[in-house]
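Participant: For reference, the file protein_8.csv (CSV, C-alpha atoms and all ligand atoms) is included below:
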chain,number,residue,atom,x,y,z
J,1,MET,CA,1.9,-9.9,-7.7
J,2,SER,CA,2.8,-13.3,-6.4
J,3,SER,CA,6.4,-12.4,-5.3
J,4,SER,CA,5.4,-9.2,-3.5
J,5,TYR,CA,4.0,-8.8,-0.1
J,6,GLY,CA,2.6,-6.0,2.1
J,7,LYS,CA,0.3,-3.0,2.1
J,8,ASN,CA,2.6,-0.4,3.7
J,9,LEU,CA,6.0,-2.1,3.7
J,10,ASN,CA,6.2,-3.8,0.3
J,11,VAL,CA,8.7,-6.6,-0.1
J,12,THR,CA,9.4,-8.1,-3.5
J,13,ILE,CA,11.6,-11.2,-3.7
J,14,PHE,CA,13.4,-11.9,-7.0
J,15,GLY,CA,15.8,-14.4,-8.5
J,16,GLU,CA,16.3,-18.1,-9.1
J,17,SER,CA,18.4,-20.6,-7.2
J,18,HIS,CA,21.0,-21.1,-9.9
J,19,GLY,CA,20.7,-17.8,-11.7
J,20,ALA,CA,23.0,-14.9,-11.3
J,21,GLY,CA,21.6,-14.0,-7.9
J,22,ILE,CA,18.6,-13.6,-5.6
J,23,GLY,CA,17.4,-10.6,-3.6
J,24,CYS,CA,14.7,-8.4,-2.5
J,25,VAL,CA,13.4,-4.8,-2.8
J,26,ILE,CA,11.9,-3.4,0.4
J,27,ASP,CA,9.7,-0.4,-0.3
J,28,GLY,CA,8.1,1.7,2.4
J,29,PHE,CA,10.7,1.1,5.1
J,30,PRO,CA,10.8,4.1,7.5
J,31,ALA,CA,13.5,6.7,6.9
J,32,GLY,CA,16.3,7.5,9.3
J,33,PHE,CA,16.8,4.1,10.8
J,34,SER,CA,20.4,2.9,11.3
J,35,PRO,CA,20.4,-0.9,10.8
J,36,ASP,CA,23.0,-3.1,12.5
J,37,MET,CA,24.3,-5.0,9.5
J,38,LYS,CA,26.2,-7.5,11.6
J,39,ALA,CA,23.0,-8.5,13.4
J,40,ILE,CA,21.3,-9.0,10.0
J,41,LEU,CA,24.1,-11.3,8.8
J,42,ASP,CA,23.9,-13.2,12.1
J,43,PHE,CA,20.2,-13.7,11.6
J,44,MET,CA,20.6,-14.8,8.0
J,45,SER,CA,23.3,-17.3,9.1
J,46,ARG,CA,20.6,-19.2,11.1
J,47,ARG,CA,18.9,-20.0,7.8
J,48,ALA,CA,22.1,-20.9,5.9
J,49,PRO,CA,22.6,-24.6,5.0
J,50,GLY,CA,25.2,-26.8,6.5
J,51,LEU,CA,24.6,-25.7,10.1
J,52,THR,CA,22.1,-28.3,11.3
J,53,PRO,CA,22.0,-32.1,11.2
J,54,GLY,CA,20.6,-33.4,8.0
J,55,SER,CA,21.2,-30.0,6.4
J,56,THR,CA,22.4,-29.8,2.8
J,57,ALA,CA,26.1,-29.7,2.2
J,58,ARG,CA,25.7,-26.8,-0.2
J,59,ARG,CA,27.7,-23.8,1.2
J,60,GLU,CA,26.2,-20.4,0.3
J,61,ALA,CA,28.3,-17.3,1.1
J,62,ASP,CA,25.0,-15.4,1.2
J,63,VAL,CA,26.6,-12.0,1.3
J,64,PRO,CA,23.9,-9.4,0.8
J,65,GLU,CA,24.9,-6.3,-1.2
J,66,VAL,CA,22.8,-3.3,-0.5
J,67,LEU,CA,22.4,-1.5,-3.8
J,68,SER,CA,20.1,1.3,-2.6
J,69,GLY,CA,18.0,2.8,0.2
J,70,ILE,CA,20.7,2.9,2.8
J,71,PHE,CA,23.1,5.8,2.9
J,72,ASP,CA,25.6,6.9,5.5
J,73,GLY,CA,24.5,4.1,7.7
J,74,HIS,CA,20.8,5.0,7.7
J,75,THR,CA,17.7,4.1,5.7
J,76,THR,CA,16.7,6.9,3.3
J,77,GLY,CA,13.0,6.1,2.9
J,78,SER,CA,13.5,5.0,-0.7
J,79,PRO,CA,13.4,1.4,-1.9
J,80,ILE,CA,16.1,-0.8,-0.3
J,81,ALA,CA,17.4,-3.2,-3.0
J,82,VAL,CA,19.5,-6.1,-1.8
J,83,LEU,CA,21.4,-8.6,-4.1
J,84,ILE,CA,22.8,-11.9,-3.0
J,85,ARG,CA,24.9,-13.3,-5.8
J,86,ASN,CA,24.7,-17.1,-6.4
J,87,GLY,CA,27.9,-19.1,-6.1
J,88,ASP,CA,28.1,-22.8,-5.2
J,89,HIS,CA,25.6,-24.6,-7.4
J,90,HIS,CA,25.5,-27.9,-9.3
J,91,SER,CA,23.0,-27.3,-12.1
J,92,ALA,CA,23.9,-30.6,-13.8
J,93,ASP,CA,22.1,-32.3,-10.9
J,94,TYR,CA,18.9,-30.9,-12.2
J,95,ALA,CA,19.1,-31.7,-15.9
J,96,ALA,CA,16.8,-34.8,-15.6
J,97,LEU,CA,14.1,-32.8,-13.7
J,98,ALA,CA,13.1,-30.8,-16.7
J,99,GLN,CA,11.6,-34.1,-18.0
J,100,ILE,CA,10.9,-36.0,-14.8
J,101,PRO,CA,9.3,-33.9,-12.0
J,102,ARG,CA,10.2,-34.5,-8.4
J,103,PRO,CA,7.2,-35.8,-6.4
J,104,GLY,CA,6.3,-33.2,-3.8
J,105,HIS,CA,8.2,-30.3,-5.4
J,106,ALA,CA,7.0,-27.5,-7.6
J,107,ASP,CA,8.6,-28.9,-10.8
J,108,TYR,CA,5.4,-30.5,-12.3
J,109,ALA,CA,2.9,-27.7,-11.5
J,110,LEU,CA,5.3,-25.0,-12.7
J,111,ALA,CA,6.1,-26.8,-15.9
J,112,VAL,CA,2.3,-27.0,-16.7
J,113,LYS,CA,1.7,-23.4,-15.7
J,114,THR,CA,4.6,-22.0,-17.8
J,115,GLY,CA,4.5,-24.5,-20.7
J,116,GLY,CA,8.0,-25.6,-19.6
J,117,ALA,CA,9.5,-22.1,-19.6
J,118,ASN,CA,10.4,-22.2,-15.9
J,119,ASP,CA,14.0,-22.2,-14.7
J,120,ILE,CA,14.2,-25.8,-13.4
J,121,ARG,CA,17.8,-25.4,-12.0
J,122,GLY,CA,17.8,-25.9,-8.2
J,123,GLY,CA,14.0,-25.4,-8.0
J,124,GLY,CA,14.3,-22.0,-9.8
J,125,HIS,CA,12.2,-19.3,-8.2
J,126,SER,CA,10.5,-21.9,-6.0
J,127,SER,CA,13.7,-22.9,-4.2
J,128,GLY,CA,14.1,-22.6,-0.4
J,129,ARG,CA,17.1,-20.4,-1.2
J,130,LEU,CA,14.7,-17.6,-2.0
J,131,THR,CA,14.0,-17.4,1.7
J,132,ALA,CA,17.5,-15.8,2.2
J,133,PRO,CA,16.4,-12.3,1.0
J,134,LEU,CA,13.2,-12.8,3.0
J,135,CYS,CA,15.5,-13.2,6.1
J,136,PHE,CA,17.4,-10.0,5.2
J,137,ALA,CA,14.1,-8.1,5.0
J,138,GLY,CA,12.8,-9.8,8.2
J,139,ALA,CA,16.0,-9.1,10.2
J,140,LEU,CA,15.8,-5.4,9.2
J,141,ALA,CA,12.1,-5.3,10.3
J,142,LEU,CA,13.0,-7.0,13.6
J,143,GLN,CA,15.5,-4.3,14.4
J,144,TYR,CA,13.0,-1.6,13.7
J,145,LEU,CA,10.2,-3.4,15.7
J,146,ALA,CA,12.5,-3.6,18.7
J,147,THR,CA,12.5,0.3,18.8
J,148,ARG,CA,8.7,0.0,19.0
J,149,GLY,CA,8.8,-2.5,21.8
J,150,VAL,CA,7.9,-5.5,19.6
J,151,SER,CA,9.8,-8.7,19.6
J,152,VAL,CA,9.6,-12.0,17.8
J,153,SER,CA,10.6,-15.5,19.1
J,154,SER,CA,10.0,-19.0,18.0
J,155,ARG,CA,10.6,-22.6,19.0
J,156,ILE,CA,10.4,-26.0,17.2
J,157,VAL,CA,7.4,-27.8,18.7
J,158,ALA,CA,7.7,-31.1,16.8
J,159,ILE,CA,9.9,-33.0,14.4
J,160,GLY,CA,8.6,-36.0,12.4
J,161,GLY,CA,5.5,-36.2,14.5
J,162,ARG,CA,7.4,-36.2,17.8
J,163,GLU,CA,7.2,-33.4,20.4
J,164,VAL,CA,10.4,-31.5,21.0
J,165,SER,CA,10.5,-31.4,24.8
J,166,GLY,CA,14.1,-32.0,25.8
J,167,GLU,CA,16.8,-29.5,26.2
J,168,THR,CA,17.3,-27.7,22.8
J,169,ASP,CA,20.4,-26.4,21.1
J,170,ALA,CA,20.8,-23.2,19.2
J,171,THR,CA,18.9,-24.6,16.2
J,172,GLY,CA,15.9,-25.5,18.4
J,173,LEU,CA,16.4,-29.3,18.3
J,174,ASP,CA,16.7,-31.7,21.2
J,175,ALA,CA,18.6,-35.0,21.2
J,176,ALA,CA,15.5,-37.1,20.1
J,177,ALA,CA,14.7,-34.7,17.2
J,178,ARG,CA,18.3,-34.9,16.0
J,179,GLU,CA,18.1,-38.7,16.0
J,180,THR,CA,14.8,-38.6,14.2
J,181,ILE,CA,16.4,-36.5,11.5
J,182,GLU,CA,19.5,-38.6,11.3
J,183,ALA,CA,17.5,-41.8,11.0
J,184,ALA,CA,15.5,-40.3,8.1
J,185,ARG,CA,18.7,-39.2,6.4
J,186,ARG,CA,20.3,-42.6,6.8
J,187,GLU,CA,17.3,-44.1,5.0
J,188,GLY,CA,17.5,-41.6,2.2
J,189,ASP,CA,14.3,-40.0,3.5
J,190,SER,CA,13.2,-36.7,5.2
J,191,VAL,CA,10.9,-35.4,8.0
J,192,GLY,CA,8.9,-32.3,8.6
J,193,GLY,CA,7.8,-30.5,11.8
J,194,ILE,CA,6.0,-27.7,13.5
J,195,VAL,CA,7.4,-24.2,14.4
J,196,GLU,CA,5.6,-22.0,17.0
J,197,CYS,CA,6.1,-18.2,16.7
J,198,VAL,CA,5.2,-15.5,19.2
J,199,VAL,CA,5.1,-11.8,18.6
J,200,THR,CA,5.0,-9.7,21.8
J,201,GLY,CA,4.4,-6.0,22.2
J,202,LEU,CA,1.9,-5.5,19.4
J,203,PRO,CA,-0.6,-2.9,20.6
J,204,ALA,CA,-4.3,-3.6,20.6
J,205,GLY,CA,-6.4,-2.3,17.7
J,206,TYR,CA,-4.4,-3.1,14.6
J,207,GLY,CA,-5.9,-5.1,11.8
J,208,ALA,CA,-9.4,-5.3,10.4
J,209,PRO,CA,-12.4,-7.7,10.1
J,210,ILE,CA,-13.2,-10.0,7.2
J,211,PHE,CA,-10.5,-10.1,4.5
J,212,ASP,CA,-7.8,-7.9,5.9
J,213,GLY,CA,-7.4,-9.4,9.3
J,214,VAL,CA,-4.2,-10.1,11.1
J,215,GLU,CA,-4.7,-13.9,10.4
J,216,ASN,CA,-5.1,-13.1,6.7
J,217,ARG,CA,-2.0,-10.9,6.6
J,218,VAL,CA,0.2,-13.3,8.6
J,219,ALA,CA,-1.0,-16.3,6.7
J,220,ALA,CA,-0.3,-14.6,3.3
J,221,ILE,CA,3.4,-14.1,4.1
J,222,VAL,CA,3.9,-17.4,6.0
J,223,PHE,CA,2.5,-19.4,3.0
J,224,GLY,CA,5.1,-17.6,0.9
J,225,ILE,CA,7.6,-19.9,2.7
J,226,PRO,CA,8.1,-23.0,0.6
J,227,ALA,CA,7.0,-26.2,2.3
J,228,VAL,CA,4.6,-24.5,4.7
J,229,LYS,CA,1.4,-26.5,4.6
J,230,GLY,CA,-0.6,-25.3,7.6
J,231,ILE,CA,-1.0,-22.5,10.1
J,232,GLU,CA,-3.0,-22.2,13.2
J,233,PHE,CA,-3.5,-19.2,15.6
J,234,GLY,CA,-3.9,-19.5,19.3
J,235,SER,CA,-5.6,-22.7,20.4
J,236,GLY,CA,-6.1,-23.4,16.7
J,237,PHE,CA,-7.4,-26.9,15.7
J,238,ALA,CA,-7.2,-28.1,19.3
J,239,GLY,CA,-9.4,-25.2,20.4
J,240,SER,CA,-12.2,-26.7,18.2
J,241,ALA,CA,-12.5,-29.5,20.7
J,242,LEU,CA,-13.0,-27.2,23.7
J,243,ARG,CA,-16.1,-25.8,25.2
J,244,GLY,CA,-16.7,-22.0,24.7
J,245,SER,CA,-16.2,-21.6,28.5
J,246,GLU,CA,-12.8,-23.3,28.2
J,247,ASN,CA,-11.7,-21.6,25.0
J,248,ASN,CA,-12.8,-18.0,25.8
J,249,ASP,CA,-10.1,-15.9,27.4
J,250,ALA,CA,-11.4,-13.9,30.4
J,251,PHE,CA,-10.6,-10.2,30.4
J,252,PHE,CA,-9.2,-8.3,33.4
J,253,HIS,CA,-7.5,-5.0,34.1
J,254,ASP,CA,-3.8,-5.4,34.9
J,255,ALA,CA,-1.9,-3.3,37.5
J,256,ASP,CA,-1.5,-0.4,34.9
J,257,GLY,CA,-5.2,-0.5,34.1
J,258,ALA,CA,-4.7,-2.1,30.7
J,259,VAL,CA,-7.2,-4.7,29.5
J,260,ARG,CA,-5.6,-8.1,29.3
J,261,THR,CA,-6.8,-11.7,29.1
J,262,ARG,CA,-6.0,-14.4,31.7
J,263,THR,CA,-5.3,-17.0,29.0
J,264,ASN,CA,-4.4,-16.6,25.4
J,265,ASN,CA,-6.4,-19.1,23.4
J,266,HIS,CA,-7.2,-16.4,20.9
J,267,GLY,CA,-3.5,-16.0,20.1
J,268,GLY,CA,-3.6,-12.2,20.3
J,269,ILE,CA,-6.3,-11.8,17.5
J,270,LEU,CA,-10.0,-11.1,18.0
J,271,GLY,CA,-12.1,-10.4,14.9
J,272,GLY,CA,-9.0,-10.0,12.8
J,273,ILE,CA,-7.7,-7.3,15.1
J,274,THR,CA,-4.9,-7.4,17.6
J,275,SER,CA,-6.0,-7.6,21.3
J,276,GLY,CA,-2.7,-6.5,22.8
J,277,MET,CA,-2.0,-10.1,23.9
J,278,PRO,CA,1.0,-11.9,22.3
J,279,LEU,CA,0.3,-13.0,18.7
J,280,VAL,CA,0.8,-16.8,18.7
J,281,PHE,CA,0.8,-19.0,15.7
J,282,ARG,CA,2.1,-22.4,14.7
J,283,VAL,CA,3.3,-23.5,11.2
J,284,ALA,CA,3.3,-27.0,9.8
J,285,ILE,CA,6.3,-27.7,7.5
J,286,LYS,CA,6.2,-30.7,5.3
J,287,PRO,CA,9.1,-33.2,4.9
J,288,THR,CA,11.7,-32.1,2.3
J,289,PRO,CA,10.4,-33.3,-1.0
J,290,SER,CA,13.8,-34.1,-2.5
J,291,ILE,CA,14.8,-37.4,-1.0
J,292,ALA,CA,17.5,-39.8,-1.9
J,293,LYS,CA,15.2,-42.9,-2.0
J,294,PRO,CA,14.0,-43.9,-5.5
J,295,GLN,CA,10.5,-42.6,-6.2
J,296,GLN,CA,7.8,-43.1,-8.8
J,297,SER,CA,7.4,-40.2,-11.3
J,298,VAL,CA,6.5,-39.6,-14.9
J,299,ASN,CA,8.6,-38.7,-17.9
J,300,LEU,CA,6.8,-35.6,-19.4
J,301,VAL,CA,8.7,-36.1,-22.8
J,302,THR,CA,8.2,-39.8,-23.4
J,303,GLY,CA,4.8,-40.0,-21.7
J,304,LYS,CA,5.9,-43.0,-19.7
J,305,ASP,CA,5.8,-43.7,-15.9
J,306,CYS,CA,9.3,-44.1,-14.5
J,307,GLU,CA,11.5,-44.2,-11.5
J,308,LEU,CA,13.3,-41.1,-10.3
J,309,VAL,CA,16.4,-40.9,-8.1
J,310,VAL,CA,16.9,-37.3,-7.1
J,311,LYS,CA,20.5,-36.1,-7.2
J,312,GLY,CA,22.0,-33.0,-5.5
J,313,ARG,CA,22.2,-32.0,-1.9
J,314,HIS,CA,19.1,-31.6,0.1
J,315,ASP,CA,18.2,-31.2,3.8
J,316,ALA,CA,16.8,-34.3,5.5
J,317,CYS,CA,14.8,-31.8,7.5
J,318,ILE,CA,14.4,-28.1,6.7
J,319,VAL,CA,12.5,-27.2,9.9
J,320,PRO,CA,15.6,-25.7,11.8
J,321,ARG,CA,16.4,-23.6,8.7
J,322,ALA,CA,12.7,-22.6,8.2
J,323,ARG,CA,12.4,-21.4,11.8
J,324,PRO,CA,14.2,-18.1,11.3
J,325,VAL,CA,12.3,-17.6,8.1
J,326,VAL,CA,9.0,-17.9,10.0
J,327,GLU,CA,10.4,-15.3,12.4
J,328,ALA,CA,11.3,-13.1,9.5
J,329,ALA,CA,7.8,-13.5,8.0
J,330,ALA,CA,6.2,-12.6,11.4
J,331,ALA,CA,8.4,-9.5,11.7
J,332,LEU,CA,7.5,-8.3,8.2
J,333,ALA,CA,3.7,-8.9,8.8
J,334,SER,CA,4.0,-7.1,12.2
J,335,LEU,CA,5.8,-4.1,10.8
J,336,ASP,CA,3.4,-3.9,7.8
J,337,LEU,CA,0.5,-3.9,10.4
J,338,LEU,CA,2.1,-1.3,12.6
J,339,LEU,CA,2.5,1.0,9.6
J,340,ASP,CA,-1.3,1.0,9.2
J,341,PRO,CA,-3.1,4.2,10.5
J,342,PRO,CA,-3.1,3.9,14.3
J,343,PRO,CA,-6.3,2.8,16.1
J,344,ARG,CA,-8.7,5.6,17.3
J,345,ALA,CA,-8.2,6.1,21.0
J,346,HIS,CA,-11.3,6.1,23.2
N,1,LIG,C1,14.8,-23.0,4.1
N,1,LIG,C2,14.2,-24.0,3.1
N,1,LIG,C3,15.0,-24.9,2.5
N,1,LIG,C4,14.5,-25.8,1.6
N,1,LIG,N1,15.4,-26.7,1.0
N,1,LIG,C5,14.9,-27.6,0.2
N,1,LIG,C6,15.7,-28.6,-0.3
N,1,LIG,O1,16.9,-28.7,-0.1
N,1,LIG,N2,15.2,-29.6,-1.2
N,1,LIG,C7,13.8,-29.6,-1.5
N,1,LIG,O2,13.4,-30.5,-2.2
N,1,LIG,N3,13.0,-28.7,-0.9
N,1,LIG,C8,13.5,-27.7,-0.1
N,1,LIG,N4,12.6,-26.8,0.4
N,1,LIG,C9,11.2,-26.9,0.2
N,1,LIG,C10,10.8,-26.6,-1.3
N,1,LIG,O3,11.3,-25.4,-1.8
N,1,LIG,C11,9.2,-26.7,-1.5
N,1,LIG,O4,8.7,-27.8,-0.9
N,1,LIG,C12,8.8,-26.6,-2.9
N,1,LIG,O5,9.1,-25.3,-3.5
N,1,LIG,C13,7.4,-26.9,-3.2
N,1,LIG,O6,6.5,-26.0,-2.6
N,1,LIG,P1,5.4,-26.4,-1.5
N,1,LIG,O7,6.1,-27.4,-0.6
N,1,LIG,O8,5.1,-25.1,-0.7
N,1,LIG,O9,4.3,-26.9,-2.2
N,1,LIG,C14,13.1,-25.8,1.3
N,1,LIG,C15,12.3,-24.9,2.0
N,1,LIG,C16,12.8,-24.0,2.9
N,1,LIG,C17,11.9,-23.0,3.6
Could you show the structure in this file as structure tokens?
Ligand SMILES: Cc1cc2nc3c(=O)[nH]c(=O)nc-3n(C[C@H](O)[C@H](O)[C@H](O)COP(=O)(O)O)c2cc1C
Facilitator:
Amino acid sequence: MSSSYGKNLNVTIFGESHGAGIGCVIDGFPAGFSPDMKAILDFMSRRAPGLTPGSTARREADVPEVLSGIFDGHTTGSPIAVLIRNGDHHSADYAALAQIPRPGHADYALAVKTGGANDIRGGGHSSGRLTAPLCFAGALALQYLATRGVSVSSRIVAIGGREVSGETDATGLDAAARETIEAARREGDSVGGIVECVVTGLPAGYGAPIFDGVENRVAAIVFGIPAVKGIEFGSGFAGSALRGSENNDAFFHDADGAVRTRTNNHGGILGGITSGMPLVFRVAIKPTPSIAKPQQSVNLVTGKDCELVVKGRHDACIVPRARPVVEAAAALASLDLLLDPPPRAH
């Protein structure tokens, strides 16, 4: 199922951007856990629009209603269904897109796949808005992971091809990155960027070789985030330019006798299995496809090439908003992994 993820903790995302609502069903979450709802809302607010420069002016209340699976303040072990009702939307902005697909967006491919039956309004089921319920599920997973000594952090590594190296604000941007986004916005354009995510505290021995490895499982959920176009683990692409002697991470016993590595080019994964070192991956996020500049497109009804001016409110850069979504994805993949049978001790 394309909108469901996970082997042990199954998360299904549903809804359309301008439909009645969006949400998720989280099946397999451990029973007896008392979530901090305020912390979940705080986490979700990091993804909400309107908080970062170049961010869409659309205001979403994003109030999650828990319909099931949490009773008397604790999880019951049955599916947790969460609904976020849609409010502030301008569906008229999208009327033309049913005929003229936005370059870079899902409109064209979805229209072909569904014979035009897709909900075009606001990007429908392919909208970035669908990452709000993913953040709910991820924030819940993060809290549970904390009780198992696992934590997730992230930073923005680059915006518009420029490294983010200065002092960053709460959204992860430095002054130069803000200016890069602002310049793109002024020109009716957009920029992308790179987010690095680190999961610490994952014990060694989780995962599997070949098709069910940690890379496979992390990549599967990270590519569920719209606009993600690449992922690398550890030294990644740069590692391919190193010698084996440089890229290999030497093992040693730490003060407690645990096996560690001196460096972490392997990004916490060896042979698809956690090594006990931090899981490190970087995600490439493309520039927002909906830009104000006129673009060349096609009219699927008249069969003619044409110019398209995208209306509506869109982020000039979605990277700061995608950052918590990457953390949410990492948390869900990590919890799904930790719910596997534990490794055999030796
Ligand atoms: C948090 C978030 C917000 C997004 N907001 C927008 C947006 O305002 N306008 C837009 O064109 N795309 C936006 N996107 C990206 C599109 O949803 C995405 O590019 C599109 O569905 C096509 O999928 P693809 O880029 O993975 O091929 C957003 C993505 C995320 C993660």
Participant: Counting only C-alpha atoms, what is within 8 Å of J:Tyr206, bar same-chain residues fewer than 3 positions away, as a VMD selection string?
Facilitator: chain J and resid 203 214 273 to 274 337 to 338 340 342 to 343
Participant: Can you work out which one of J:Val259, J:Val319, J:Leu335, J:Leu173 has the shortest atom-to-atom distance to ligand LIG 1 (chain N), counting all atoms listed in the file?
Facilitator: J:Val319
Participant: Just want the 12 Å neighbourhood of J:Ile210, counted on only C-alpha atoms, with same-chain residues fewer than 5 positions away dropped. Output as number ranges by chain.
Facilitator: J: 215-217, 270-273
Participant: Which is closest to J:Ser190 among J:Ala292, J:Ala117, J:Ile225, J:Val280, if we use only C-alpha atoms?
Facilitator: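 Of J:Ala292, J:Ala117, J:Ile225, J:Val280, the one nearest J:Ser190, counting only C-alpha atoms, is J:Ala292.
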Participant: Select the residues contacting ligand LIG 1 (chain N) at a distance of at most 6 Å, based on all atoms listed in the file, then format the selection as an mmCIF file with C-alpha atoms, in the frame of the given file.
Facilitator:
data_model
loop_
_atom_site.group_PDB
_atom_site.id
_atom_site.type_symbol
_atom_site.label_atom_id
_atom_site.label_comp_id
_atom_site.auth_asym_id
_atom_site.auth_seq_id
_atom_site.Cartn_x
_atom_site.Cartn_y
_atom_site.Cartn_z
ATOM 1 C CA HIS J 105 8.200 -30.300 -5.400
ATOM 2 C CA ALA J 106 7.000 -27.500 -7.600
ATOM 3 C CA SER J 126 10.500 -21.900 -6.000
ATOM 4 C CA SER J 127 13.700 -22.900 -4.200
ATOM 5 C CA GLY J 128 14.100 -22.600 -0.400
ATOM 6 C CA ILE J 225 7.600 -19.900 2.700
ATOM 7 C CA PRO J 226 8.100 -23.000 0.600
ATOM 8 C CA ALA J 227 7.000 -26.200 2.300
ATOM 9 C CA VAL J 228 4.600 -24.500 4.700
ATOM 10 C CA THR J 288 11.700 -32.100 2.300
ATOM 11 C CA PRO J 289 10.400 -33.300 -1.000
ATOM 12 C CA SER J 290 13.800 -34.100 -2.500
ATOM 13 C CA HIS J 314 19.100 -31.600 0.100
ATOM 14 C CA ASP J 315 18.200 -31.200 3.800
ATOM 15 C CA ILE J 318 14.400 -28.100 6.700
ATOM 16 C CA ARG J 321 16.400 -23.600 8.700
ATOM 17 C CA ALA J 322 12.700 -22.600 8.200
#
Participant: Looking at all atoms listed in the file, which of J:Thr261, J:Gln296, J:Ser78, J:Asn8 is the one that sits closest to J:Gly276?
Facilitator: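 Of the candidates, the smallest distance to J:Gly276 is held by J:Thr261.
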Participant: Report, in Å to a single decimal, how far apart atom CA of J:Asp336 and atom CA of J:Asp27 are.
Facilitator: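 Between atom CA of J:Asp27 and atom CA of J:Asp336 the gap is 10.8 Å.
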Participant: Any idea what the distance is between atom CA of J:Pro79 and atom CA of J:Val25?
Facilitator: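 One can read the atom CA of J:Pro79 to atom CA of J:Val25 distance as 6.3 Å.
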Participant: Hey, what's within 12 Å of J:Ala238 if we count only C-alpha atoms and toss same-chain stuff fewer than 5 positions away? As number ranges by chain, please?
Facilitator: J: 232-233, 243, 246-247, 265-266, 282
Participant: Enter the distance from atom CA of J:Leu83 to atom CA of J:Ser68, in Å, rounded to one decimal.
Facilitator: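 For atom CA of J:Leu83 relative to atom CA of J:Ser68, the distance reads 10.1 Å.
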Participant: Nearest to J:Ile40 among J:Leu67, J:Ala328, J:Ala109, J:Leu242, with distances taken over all atoms listed in the file: which residue is it?
Facilitator: J:Ala328
Participant: Fewer than 4 positions away in the same chain doesn't count, so skip those; otherwise give me all residues within 12 Å of J:Ala219, counting all atoms listed in the file, as a list in words.
Facilitator: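 So the residues in contact are Tyr5, Gly6, Phe211, Asp212, Gly213, Val214, Glu215, Phe223, Gly224, Ile225, Val228, Lys229, Gly230, Ile231, Glu232, Phe233, Gly272, Phe281, Arg282, Val283, Ala284, Val326, Ala329, Ala330, Leu332, Ala333 and Ser334 of chain J.
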Participant: Suppose we keep C-alpha atoms; can you now write the selection as a PDB file, in the frame of the given file?
Facilitator:
ATOM      1  CA  TYR J   5       4.000  -8.800  -0.100  1.00  0.00           C
ATOM      2  CA  GLY J   6       2.600  -6.000   2.100  1.00  0.00           C
ATOM      3  CA  PHE J 211     -10.500 -10.100   4.500  1.00  0.00           C
ATOM      4  CA  ASP J 212      -7.800  -7.900   5.900  1.00  0.00           C
ATOM      5  CA  GLY J 213      -7.400  -9.400   9.300  1.00  0.00           C
ATOM      6  CA  VAL J 214      -4.200 -10.100  11.100  1.00  0.00           C
ATOM      7  CA  GLU J 215      -4.700 -13.900  10.400  1.00  0.00           C
ATOM      8  CA  PHE J 223       2.500 -19.400   3.000  1.00  0.00           C
ATOM      9  CA  GLY J 224       5.100 -17.600   0.900  1.00  0.00           C
ATOM     10  CA  ILE J 225       7.600 -19.900   2.700  1.00  0.00           C
ATOM     11  CA  VAL J 228       4.600 -24.500   4.700  1.00  0.00           C
ATOM     12  CA  LYS J 229       1.400 -26.500   4.600  1.00  0.00           C
ATOM     13  CA  GLY J 230      -0.600 -25.300   7.600  1.00  0.00           C
ATOM     14  CA  ILE J 231      -1.000 -22.500  10.100  1.00  0.00           C
ATOM     15  CA  GLU J 232      -3.000 -22.200  13.200  1.00  0.00           C
ATOM     16  CA  PHE J 233      -3.500 -19.200  15.600  1.00  0.00           C
ATOM     17  CA  GLY J 272      -9.000 -10.000  12.800  1.00  0.00           C
ATOM     18  CA  PHE J 281       0.800 -19.000  15.700  1.00  0.00           C
ATOM     19  CA  ARG J 282       2.100 -22.400  14.700  1.00  0.00           C
ATOM     20  CA  VAL J 283       3.300 -23.500  11.200  1.00  0.00           C
ATOM     21  CA  ALA J 284       3.300 -27.000   9.800  1.00  0.00           C
ATOM     22  CA  VAL J 326       9.000 -17.900  10.000  1.00  0.00           C
ATOM     23  CA  ALA J 329       7.800 -13.500   8.000  1.00  0.00           C
ATOM     24  CA  ALA J 330       6.200 -12.600  11.400  1.00  0.00           C
ATOM     25  CA  LEU J 332       7.500  -8.300   8.200  1.00  0.00           C
ATOM     26  CA  ALA J 333       3.700  -8.900   8.800  1.00  0.00           C
ATOM     27  CA  SER J 334       4.000  -7.100  12.200  1.00  0.00           C
TER      28      SER J 334
END
Participant: Nearest to J:Ala96: which of J:Asn299, J:Val112, J:Lys304, J:Asn264 is it, counting only C-alpha atoms?
Facilitator: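 Residue with the minimum atom-to-atom distance to J:Ala96: J:Asn299.
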Participant: Env of J:Gly244: 12 Å cut, atoms = all atoms listed in the file, seq-sep filter 4 positions within chain, self excluded. Answer as a list in words.
Facilitator: Ser235, Gly239, Ser240, Asn248, Asp249, Ala250, Asn265 and His266 of chain J
Participant: Which residue, J:Met277, J:Ala204, J:Ile26, J:Ala241, has the smallest gap to J:Thr12 when you use only C-alpha atoms?
Facilitator: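 So, comparing all the options, the nearest one is J:Ile26.
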Participant: At a cut-off of 12 Å from (6.1, -26.9, -19.2) in the coordinates of the file, what residues are picked up using only C-alpha atoms, written as a VMD selection string?
Facilitator: chain J and resid 97 to 101 106 to 120 300 to 301
